[in-house]
Amino acid sequence: MTKFTSGLHTPQMTSQLLEMFNKDTNQCWYDNSYGNDLVDSIEFEVTADKMIIVMLPNSFVDKSEDELFNTFSITDNDFADNHFISTDYAEVVKFINKTFKPNKHSIGKAIAETRDAIANGEDFETAEDKLFEMLSAMGFDLWNDSNKKHQLAIRNLCPKQICDYVQNTILPQL
């Protein structure tokens, strides 16, 4: 995963939350913080034209008159309505995992992120694990005995070839 400073308002908290969301959900999250917002935000793409955005807390207390918020607020890119608001991180993760299942678009993003990790000499294992977790969440368990042919096919492939194999052979089957 690319290492960079996240967030504008609460960078340390945003970096930690971004890492947690990437670990705890089956999505590829990105920093989406904007200077005119009161809080930092992260997002993932559901489709090419639809993003889910989580406005992050900027405080441990809720004092809106002082622009301090302790809630996670989930919305989409047209901000038509809030899908979910909570102060409980575990409840937010549960809502995201239940509501927004990975799809071919999000797998494509994970493949691109994995390729970026390879190109940048970063930890391929973490990116690869995320890719396989997303496939599993879509109902394709690579390590299931019924997928022996795929296991054998990727066994001796280099990381870039694994990305190509997933994109060209497994993804069209889903």
# chains A, B, ... in the order shown; residues from 1 in each chain; ligands from 1
>>> residues_around(residues="Trp143 (chain A)", least_positions_apart="6", cutoff="12 Å", atoms="only C-alpha atoms", output="list in words")
Asp129, Phe132, Glu133, Leu135, Ser136, Lys149, His150, Gln151, Leu152, Ile154 and Arg155 of chain A
>>> residues_around(residues="region 68-73 of chain A", least_positions_apart="5", cutoff="6 Å", atoms="only C-alpha atoms", output="JSON, numbers by chain")
{"A": [54, 55, 56, 57, 58, 59, 60, 61, 62, 63, 84, 85, 86, 87]}
>>> write_last_selection(atoms="C-alpha atoms", output="mmCIF file, in the first residue's frame")
data_model
loop_
_atom_site.group_PDB
_atom_site.id
_atom_site.type_symbol
_atom_site.label_atom_id
_atom_site.label_comp_id
_atom_site.auth_asym_id
_atom_site.auth_seq_id
_atom_site.Cartn_x
_atom_site.Cartn_y
_atom_site.Cartn_z
ATOM 1 C CA VAL A 54 -16.870 8.198 5.164
ATOM 2 C CA MET A 55 -16.531 11.534 6.907
ATOM 3 C CA LEU A 56 -14.220 10.771 9.836
ATOM 4 C CA PRO A 57 -14.421 12.070 13.384
ATOM 5 C CA ASN A 58 -12.064 14.927 14.214
ATOM 6 C CA SER A 59 -12.492 14.687 17.976
ATOM 7 C CA PHE A 60 -13.429 12.356 20.794
ATOM 8 C CA VAL A 61 -16.172 14.785 21.864
ATOM 9 C CA ASP A 62 -19.146 16.127 19.943
ATOM 10 C CA LYS A 63 -19.324 19.926 20.103
ATOM 11 C CA PHE A 84 -25.270 5.626 8.244
ATOM 12 C CA ILE A 85 -23.968 7.666 11.188
ATOM 13 C CA SER A 86 -22.327 6.228 14.284
ATOM 14 C CA THR A 87 -19.661 6.883 16.892
#
>>> closest_residue(among="A:Val92, A:Val39, A:Asn32, A:Ala153", to="Glu67 (chain A)", atoms="only C-alpha atoms")
A:Val39
>>> atom_distance(atom1="CA of Glu125 (chain A)", atom2="CA of Ala112 (chain A)")
14.3 Å
>>> closest_residue(among="A:His9, A:Asp24, A:Ile170, A:Cys163", to="Glu91 (chain A)", atoms="only C-alpha atoms")
A:Asp24
>>> atom_distance(atom1="CA of Leu157 (chain A)", atom2="CA of Leu142 (chain A)")
14.9 Å
>>> atom_distance(atom1="CA of Ile53 (chain A)", atom2="CA of Glu122 (chain A)")
26.2 Å
>>> select_by_dssp(residues="region 104-172 of chain A", states="alpha helix (DSSP H)", output="JSON, numbers by chain")
{"A": [104, 105, 106, 107, 108, 109, 110, 111, 112, 113, 114, 115, 116, 117, 118, 119, 124, 125, 126, 127, 128, 129, 130, 131, 132, 133, 134, 135, 136, 137, 148, 149, 150, 151, 152, 153, 154, 155, 159, 160, 161, 162, 163, 164, 165]}
>>> closest_residue(among="A:Pro172, A:Gly108, A:Pro159, A:Gly35", to="Glu128 (chain A)", atoms="only C-alpha atoms")
A:Pro159
>>> closest_residue(among="A:Gln167, A:Ser33, A:Gln12, A:Gln161", to="Ser106 (chain A)", atoms="only C-alpha atoms")
A:Gln167
>>> select_by_dssp(residues="region 6-166 of chain A", states="strand (DSSP E)", output="short mmCIF file (atom, residue, chain, number, x, y, z; two decimals) with N, CA and C atoms, in the first residue's frame")
data_model
loop_
_atom_site.label_atom_id
_atom_site.label_comp_id
_atom_site.auth_asym_id
_atom_site.auth_seq_id
_atom_site.Cartn_x
_atom_site.Cartn_y
_atom_site.Cartn_z
N TYR A 30 -9.23 5.16 0.00
CA TYR A 30 -8.29 6.22 -0.34
C TYR A 30 -8.64 7.47 0.44
N ASP A 31 -7.63 8.27 0.75
CA ASP A 31 -7.86 9.55 1.41
C ASP A 31 -8.57 10.48 0.44
N SER A 41 -11.89 12.83 5.25
CA SER A 41 -12.76 11.80 4.71
C SER A 41 -11.93 10.79 3.91
N ILE A 42 -12.50 9.59 3.80
CA ILE A 42 -11.92 8.53 2.97
C ILE A 42 -13.03 8.02 2.06
N GLU A 43 -12.62 7.34 0.97
CA GLU A 43 -13.62 6.84 0.05
C GLU A 43 -13.15 5.55 -0.61
N PHE A 44 -14.12 4.82 -1.18
CA PHE A 44 -13.81 3.72 -2.08
C PHE A 44 -14.81 3.79 -3.22
N GLU A 45 -14.41 3.27 -4.37
CA GLU A 45 -15.26 3.28 -5.55
C GLU A 45 -16.10 2.01 -5.60
N VAL A 46 -17.41 2.19 -5.70
CA VAL A 46 -18.34 1.08 -5.88
C VAL A 46 -18.40 0.75 -7.38
N THR A 47 -18.53 1.78 -8.20
CA THR A 47 -18.47 1.68 -9.65
C THR A 47 -17.66 2.86 -10.14
N LYS A 50 -19.62 5.93 -8.95
CA LYS A 50 -20.22 5.99 -7.60
C LYS A 50 -19.17 5.68 -6.55
N MET A 51 -18.99 6.61 -5.63
CA MET A 51 -18.07 6.44 -4.52
C MET A 51 -18.85 6.45 -3.20
N ILE A 52 -18.35 5.70 -2.25
CA ILE A 52 -18.86 5.75 -0.88
C ILE A 52 -17.83 6.52 -0.06
N ILE A 53 -18.30 7.50 0.66
CA ILE A 53 -17.42 8.39 1.43
C ILE A 53 -17.74 8.25 2.90
N VAL A 54 -16.70 8.18 3.72
CA VAL A 54 -16.87 8.20 5.16
C VAL A 54 -16.21 9.48 5.67
N MET A 55 -17.04 10.34 6.24
CA MET A 55 -16.53 11.53 6.91
C MET A 55 -16.08 11.06 8.29
N PHE A 72 -18.72 8.93 12.68
CA PHE A 72 -18.43 8.51 11.32
C PHE A 72 -19.73 8.71 10.55
N SER A 73 -19.67 9.36 9.42
CA SER A 73 -20.86 9.60 8.62
C SER A 73 -20.61 9.04 7.21
N ILE A 74 -21.44 8.08 6.81
CA ILE A 74 -21.27 7.42 5.51
C ILE A 74 -22.28 8.01 4.53
N THR A 75 -21.78 8.43 3.38
CA THR A 75 -22.62 8.98 2.33
C THR A 75 -22.07 8.53 0.98
N ASP A 76 -22.68 8.99 -0.11
CA ASP A 76 -22.12 8.69 -1.42
C ASP A 76 -21.70 9.99 -2.10
N ASN A 82 -27.37 10.67 4.01
CA ASN A 82 -26.43 9.89 4.80
C ASN A 82 -26.96 8.46 4.89
N HIS A 83 -26.09 7.52 4.60
CA HIS A 83 -26.48 6.12 4.69
C HIS A 83 -26.41 5.60 6.12
N PHE A 84 -25.49 6.16 6.90
CA PHE A 84 -25.27 5.63 8.24
C PHE A 84 -24.42 6.62 9.03
N ILE A 85 -24.76 6.81 10.30
CA ILE A 85 -23.97 7.67 11.19
C ILE A 85 -23.81 6.94 12.51
N SER A 86 -22.58 6.90 13.01
CA SER A 86 -22.33 6.23 14.28
C SER A 86 -21.02 6.72 14.89
#
